[in-house]
Amino acid sequence: MHKFIYINTFLLILNFCSAQNKFGNPEVDPIQIQKSYTEWSVYQNKKIMLSRDFTALDSSSKEISKEAFLDQLANGNFIPIRLKTDNSTFYYKLFKILPKTDTSIKATINQIGFDAYKNYKMEGIVFPKFSFKDLNGNLVTNESMKGKIIVIKCWYIHCTPCIKEFPQVNKLVEEYKDRKDIVFMSLAEDSPEQLKTFLARKPLSYSVVPDMKEYMNESLQLNSFPTHFILNKEGLIAKVLPNFESLEVALTKESKL
């Protein structure tokens with residue numbers, strides 16, 4: 001038994017050291033970060049953005065596709081750690097989850113990995129056909145939006161994270177107000193009456209389309225909110241994003257294309 005533990009510990013240390021290569025060192029200790037769900041959660045929320053572009057490495061520091069990386073997170077027994085580098089390229093590496101790690105860490109990573117994998121697979125496909133009328137009576141369709149970058153926020157009134165980012169997304173609209181080729185609209189589950197009452201207290205600078213629950217469930221197959229879409233000028237999905245931080249980075253890149 002002691003020999004088995006020794007071998008396992010040796011392999012973990014070897015795995016840690018193998019990351020210290022041309023790609024850079026882990027920015028946190030992969031063993032220490034697993035000792036507390038709270039510590040892991042804070043790190044993950046601040047440092048791991050799976051929707052952004054990054055170079056993916058497996059547990060042996062071999063470069064793999066982003067799709068394979070996200071699949072491992074969704075179905076495997078790994079945590080993602082960012083590596084420290086001297087350039088602007090992001091490197092994420094897989095590290096094995098330790099046997100005594102809180103099971104909540106693995107469950108959370110699997111769910112986040114599943115959502116990120118699903119979102120990634122939507123990139124490059126045509127956004128489902130739509131014909132929406134917003135609260136001001138304006139009609140928007142796939143055809144009318146051709147040649148524009150469309151930023152879509154999917155939300156509902158009782159979604160706390162959705163509402164919390166209102167000031168940030170409003171600021172984003174202000175930042176791009178002179179870009180006539182960028183359109184901001186939101187799809188909300190709620191009725192026009194509910195939304196008008198709510199938005200009188202909590203303004204949203206996006207145009208707001210009501211009664212979108214069925215469309216979001218069936219056409220977009222969403223299971224987490226908020227979800228943001230960026231559509232390119234050809235009507236294809238450029239990015240699917242889980243929060244404002246990811247949206248801001250992705251829109252900066254898309255707006256320069």
# chains A, B, ... in the order shown; residues from 1 in each chain; ligands from 1

call {"tool": "residues_around", "arguments": {"residues": "range 135-151 of chain A", "least_positions_apart": "4", "cutoff": "10 Å", "atoms": "only C-alpha atoms", "output": "VMD selection string"}}
result
chain A and resid 126 to 131 173 179 to 186 191 to 193 195 to 196 206 to 210 228 to 239 247 251 254 to 255

call {"tool": "select_by_dssp", "arguments": {"residues": "range 41-151 of chain A", "states": "helix (DSSP H, G or I)", "output": "ChimeraX atom specification"}}
result
/A:41-47,66-75,103-122

call {"tool": "write_last_selection", "arguments": {"atoms": "C-alpha atoms", "output": "JSON list (two decimals), in the first residue's frame"}}
result
[["chain", "number", "residue", "atom", "x", "y", "z"],
["A", 41, "SER", "CA", -14.26, 28.01, -7.65],
["A", 42, "VAL", "CA", -12.73, 31.47, -7.15],
["A", 43, "TYR", "CA", -9.79, 30.58, -9.40],
["A", 44, "GLN", "CA", -11.98, 29.06, -12.08],
["A", 45, "ASN", "CA", -14.38, 32.00, -12.21],
["A", 46, "LYS", "CA", -11.56, 34.55, -12.48],
["A", 47, "LYS", "CA", -9.02, 32.77, -14.65],
["A", 66, "LYS", "CA", -9.85, 22.66, -28.25],
["A", 67, "GLU", "CA", -12.67, 20.20, -28.98],
["A", 68, "ALA", "CA", -10.72, 17.30, -27.46],
["A", 69, "PHE", "CA", -9.80, 19.44, -24.45],
["A", 70, "LEU", "CA", -13.41, 20.39, -23.74],
["A", 71, "ASP", "CA", -14.54, 16.80, -24.24],
["A", 72, "GLN", "CA", -12.03, 15.69, -21.58],
["A", 73, "LEU", "CA", -13.37, 18.30, -19.17],
["A", 74, "ALA", "CA", -16.96, 17.23, -19.81],
["A", 75, "ASN", "CA", -16.40, 13.50, -19.53],
["A", 103, "THR", "CA", -16.50, 15.51, -5.60],
["A", 104, "SER", "CA", -18.22, 18.86, -6.12],
["A", 105, "ILE", "CA", -15.14, 20.08, -7.99],
["A", 106, "LYS", "CA", -15.37, 17.25, -10.53],
["A", 107, "ALA", "CA", -19.15, 17.66, -10.90],
["A", 108, "THR", "CA", -18.79, 21.39, -11.51],
["A", 109, "ILE", "CA", -15.98, 20.93, -14.03],
["A", 110, "ASN", "CA", -17.92, 18.25, -15.91],
["A", 111, "GLN", "CA", -20.94, 20.56, -16.19],
["A", 112, "ILE", "CA", -18.87, 23.57, -17.25],
["A", 113, "GLY", "CA", -17.00, 21.38, -19.73],
["A", 114, "PHE", "CA", -20.27, 20.05, -21.14],
["A", 115, "ASP", "CA", -21.68, 23.56, -21.62],
["A", 116, "ALA", "CA", -18.43, 24.84, -23.16],
["A", 117, "TYR", "CA", -18.24, 21.85, -25.52],
["A", 118, "LYS", "CA", -21.85, 22.37, -26.62],
["A", 119, "ASN", "CA", -21.24, 26.08, -27.20],
["A", 120, "TYR", "CA", -18.03, 25.41, -29.12],
["A", 121, "LYS", "CA", -19.81, 23.00, -31.48],
["A", 122, "MET", "CA", -22.28, 25.77, -32.40]]

call {"tool": "closest_residue", "arguments": {"among": "A:Leu204, A:Met212, A:Leu199, A:Cys162", "to": "Pro226 in chain A", "atoms": "only C-alpha atoms"}}
result
A:Cys162

call {"tool": "select_by_dssp", "arguments": {"residues": "range 22-165 of chain A", "states": "strand (DSSP E or B)", "output": "ChimeraX atom specification"}}
result
/A:24,26,55-57,63-64,78-83,91-96,126,131-133,139-141,149-155

call {"tool": "closest_residue", "arguments": {"among": "A:Glu245, A:Ser59, A:Asp190, A:Val240", "to": "Leu220 in chain A", "atoms": "only C-alpha atoms"}}
result
A:Val240

call {"tool": "atom_distance", "arguments": {"atom1": "CA of Thr227 in chain A", "atom2": "CA of Lys202 in chain A"}}
result
18.8 Å

call {"tool": "closest_residue", "arguments": {"among": "A:Leu172, A:Ile125, A:Leu94, A:Ala188", "to": "Lys153 in chain A", "atoms": "only C-alpha atoms"}}
result
A:Ala188

call {"tool": "residues_around", "arguments": {"residues": "Lys96 in chain A", "least_positions_apart": "2", "cutoff": "7 Å", "atoms": "only C-alpha atoms", "output": "list in words"}}
result
Asn77, Phe78, Ile79, Leu94 and Leu98 of chain A

call {"tool": "atom_distance", "arguments": {"atom1": "CA of Gln34 in chain A", "atom2": "CA of Glu165 in chain A"}}
result
28.7 Å

call {"tool": "residues_around", "arguments": {"residues": "Pro161 in chain A", "least_positions_apart": "4", "cutoff": "10 Å", "atoms": "only C-alpha atoms", "output": "list in words"}}
result
Trp155, Tyr156, Glu165, Phe166, Phe225, Pro226, Asn243 and Phe244 of chain A

call {"tool": "atom_distance", "arguments": {"atom1": "CA of Lys35 in chain A", "atom2": "CA of Thr101 in chain A"}}
result
6.4 Å

call {"tool": "closest_residue", "arguments": {"among": "A:Leu241, A:Ala200, A:Leu83, A:Val28", "to": "Phe54 in chain A", "atoms": "only C-alpha atoms"}}
result
A:Leu83
